[in-house]
Amino acid sequence: VQSTPTEDSGAGRLQWGLLLQNRQFWLLCLMYFFYAFGSWFFFSWFPTFMELGRGFEKSELTYAVAVPFVMSMIGNIVGGHLTDRLTQKFGIRVGRKALGSTSLAVSAVCMFLAAFIPGKMAVFVFLSLCFGIFDLMLPSAWALCIDLGKQHAGTLSGAMNTAGNIGGFCCGILFGQLVQSSGNYNLPLYVIALMLIVSAVLFVFINPERPIVKK
């Protein structure tokens, strides 16, 4: 599918009809939709999973819940630095695509291991790594909105973030339904790992050198 310029040459307005027909636009939004299954697990069900799914006492949840968020913060900072350095050294494809897709794929492995390996310490370590590693890709994702959207980067950022919020909403509902129907708190983690793999694959097909909006 060929990318189509979406800028109105006369008024500089964004033509939404053409934007919605653009392959790059949907790849970006779907990538973020599936990524959000991972991030919103931590924002919603994570404390409940740690307590009821893995037997953490309430007194232990202070560090067990806080440390992954610290890892996320570190991942964001390091990811921003890496995407700039890799782009400068190897080009925008490596700086955006390679970092983003690799981070998501590795985090999917960590999520899978967190579900598969029993024990409190194992789940704590792998989920902490998962949150930190998949947030390495966040700066690359938001930078893609500038690469692809140019002067309409704000519009593209809003669309991508909306897709992520929808994905997070779906994650919250699906997690609860799976636990209720199966009685197994580990089952949703396998589903989230799969969603992260899908996000990683979609990231590979986004071309940051092919803007949706041409100047």
# chains A, B, ... in the order shown; residues from 1 in each chain; ligands from 1

$ select_by_dssp --residues "stretch 86-189 of chain A" --states "alpha helix (DSSP H)" --output "NGL selection string"
:A and (86-90 or 92 or 99-116 or 120-134 or 138-149 or 153-182 or 187-189)

$ residues_around --residues "A:Leu144" --least-positions-apart "2" --cutoff "10 Å" --atoms "only C-alpha atoms" --output "ChimeraX atom specification"
/A:28,92,96-97,138-142,146-150,153,156-157,206-209,211

$ closest_residue --among "A:Cys170, A:Leu99, A:Leu127, A:Met111" --to "A:Pro47" --atoms "only C-alpha atoms"
A:Leu127

$ atom_distance --atom1 "atom CA of A:Pro118" --atom2 "atom CA of A:Ala64"
15.7 Å

$ closest_atom_pairs --of "stretch 97-166 of chain A" --to "stretch 31-45 of chain A" --cutoff "7 Å" --atoms "only C-alpha atoms" --output "tab-separated table"
residue	atom	partner	partner_atom	distance
A:Met160	CA	A:Tyr32	CA	6.4
A:Ala163	CA	A:Phe33	CA	5.0
A:Gly164	CA	A:Phe33	CA	4.3
A:Ile166	CA	A:Phe33	CA	6.8

$ residues_around --residues "stretch 74-82 of chain A" --least-positions-apart "4" --cutoff "7 Å" --atoms "only C-alpha atoms" --output "PyMOL selection string"
chain A and resi 70+86+132-133+135-139

$ atom_distance --atom1 "atom CA of A:Leu174" --atom2 "atom CA of A:Phe49"
13.8 Å

$ closest_residue --among "A:Thr48, A:Phe169, A:Ala143, A:Ser72" --to "A:Asp84" --atoms "only C-alpha atoms"
A:Ala143

$ closest_residue --among "A:Val191, A:Ile173, A:Val65, A:Arg210" --to "A:Ala108" --atoms "only C-alpha atoms"
A:Val191

$ closest_residue --among "A:Arg54, A:Trp16, A:Thr155, A:Ile192" --to "A:Ala122" --atoms "only C-alpha atoms"
A:Arg54

$ closest_residue --among "A:Phe131, A:Leu52, A:Arg93, A:Ile212" --to "A:Gly183" --atoms "only C-alpha atoms"
A:Leu52

$ atom_distance --atom1 "atom CA of A:Ala159" --atom2 "atom CA of A:Arg23"
14.0 Å

$ closest_residue --among "A:Met50, A:Val106, A:Ala193, A:Ala66" --to "A:Val123" --atoms "only C-alpha atoms"
A:Met50

$ decode --residues "stretch 147-163 of chain A" --atoms "all heavy atoms" --output "compact mmCIF listing (two decimals), in the first residue's frame"
# COMPACT_ATOMS: atom_id res chain seq x y z
N ASP A 147 8.60 12.19 13.19
CA ASP A 147 9.16 11.73 11.91
C ASP A 147 8.08 11.58 10.85
O ASP A 147 8.27 11.94 9.69
CB ASP A 147 9.85 10.36 12.10
CG ASP A 147 11.00 10.42 13.09
OD1 ASP A 147 11.65 11.47 13.19
OD2 ASP A 147 11.23 9.40 13.76
N LEU A 148 6.93 11.03 11.24
CA LEU A 148 5.87 10.72 10.30
C LEU A 148 4.89 11.87 10.11
O LEU A 148 4.33 12.05 9.03
CB LEU A 148 5.09 9.48 10.75
CG LEU A 148 5.88 8.18 10.88
CD1 LEU A 148 4.99 7.08 11.44
CD2 LEU A 148 6.46 7.75 9.55
N GLY A 149 4.66 12.63 11.19
CA GLY A 149 3.63 13.67 11.13
C GLY A 149 4.11 15.04 10.74
O GLY A 149 3.30 15.88 10.34
N LYS A 150 5.44 15.29 10.86
CA LYS A 150 6.00 16.60 10.52
C LYS A 150 5.22 17.70 11.25
O LYS A 150 5.09 17.66 12.45
CB LYS A 150 6.01 16.81 9.01
CG LYS A 150 6.81 15.76 8.25
CD LYS A 150 8.26 15.71 8.71
CE LYS A 150 9.06 14.68 7.91
NZ LYS A 150 10.44 14.54 8.42
N GLN A 151 4.68 18.69 10.51
CA GLN A 151 3.99 19.81 11.15
C GLN A 151 2.67 19.40 11.79
O GLN A 151 2.07 20.18 12.54
CB GLN A 151 3.76 20.97 10.17
CG GLN A 151 2.77 20.66 9.04
CD GLN A 151 3.48 20.12 7.81
OE1 GLN A 151 4.43 19.35 7.91
NE2 GLN A 151 3.01 20.57 6.64
N HIS A 152 2.22 18.18 11.53
CA HIS A 152 1.01 17.66 12.16
C HIS A 152 1.34 16.57 13.19
O HIS A 152 0.54 15.68 13.45
CB HIS A 152 0.07 17.10 11.08
CG HIS A 152 -0.41 18.13 10.11
ND1 HIS A 152 -1.25 19.16 10.47
CD2 HIS A 152 -0.16 18.31 8.79
CE1 HIS A 152 -1.51 19.92 9.42
NE2 HIS A 152 -0.85 19.42 8.38
N ALA A 153 2.52 16.67 13.78
CA ALA A 153 2.96 15.67 14.76
C ALA A 153 2.03 15.61 15.98
O ALA A 153 1.83 14.55 16.56
CB ALA A 153 4.39 15.97 15.22
N GLY A 154 1.46 16.75 16.34
CA GLY A 154 0.54 16.76 17.48
C GLY A 154 -0.71 15.93 17.22
O GLY A 154 -1.18 15.20 18.09
N THR A 155 -1.23 16.05 16.01
CA THR A 155 -2.41 15.26 15.63
C THR A 155 -2.10 13.77 15.66
O THR A 155 -2.87 12.96 16.17
CB THR A 155 -2.88 15.66 14.23
OG1 THR A 155 -3.22 17.05 14.22
CG2 THR A 155 -4.10 14.84 13.81
N LEU A 156 -0.94 13.41 15.12
CA LEU A 156 -0.55 12.01 15.08
C LEU A 156 -0.29 11.48 16.49
O LEU A 156 -0.66 10.35 16.82
CB LEU A 156 0.70 11.84 14.21
CG LEU A 156 0.95 10.45 13.62
CD1 LEU A 156 -0.24 9.99 12.79
CD2 LEU A 156 2.22 10.45 12.77
N SER A 157 0.32 12.30 17.33
CA SER A 157 0.56 11.91 18.72
C SER A 157 -0.75 11.65 19.45
O SER A 157 -0.89 10.69 20.21
CB SER A 157 1.35 13.00 19.46
OG SER A 157 2.61 13.21 18.88
N GLY A 158 -1.73 12.53 19.22
CA GLY A 158 -3.03 12.35 19.86
C GLY A 158 -3.73 11.08 19.41
O GLY A 158 -4.34 10.37 20.21
N ALA A 159 -3.63 10.79 18.10
CA ALA A 159 -4.25 9.57 17.58
C ALA A 159 -3.58 8.33 18.15
O ALA A 159 -4.25 7.36 18.55
CB ALA A 159 -4.17 9.56 16.05
N MET A 160 -2.24 8.34 18.21
CA MET A 160 -1.52 7.20 18.75
C MET A 160 -1.84 6.99 20.23
O MET A 160 -2.07 5.86 20.67
CB MET A 160 0.00 7.40 18.58
CG MET A 160 0.83 6.22 19.03
SD MET A 160 2.64 6.51 18.94
CE MET A 160 2.87 7.52 20.44
N ASN A 161 -1.89 8.06 20.97
CA ASN A 161 -2.17 7.95 22.41
C ASN A 161 -3.60 7.48 22.65
O ASN A 161 -3.85 6.71 23.59
CB ASN A 161 -1.94 9.29 23.10
CG ASN A 161 -1.82 9.15 24.60
OD1 ASN A 161 -1.06 8.31 25.09
ND2 ASN A 161 -2.55 9.96 25.34
N THR A 162 -4.53 7.92 21.82
CA THR A 162 -5.91 7.46 21.93
C THR A 162 -5.99 5.94 21.70
O THR A 162 -6.69 5.23 22.42
CB THR A 162 -6.81 8.18 20.91
OG1 THR A 162 -6.80 9.59 21.20
CG2 THR A 162 -8.24 7.66 20.97
N ALA A 163 -5.26 5.48 20.68
CA ALA A 163 -5.21 4.03 20.43
C ALA A 163 -4.66 3.29 21.64
O ALA A 163 -5.15 2.21 22.01
CB ALA A 163 -4.36 3.74 19.20
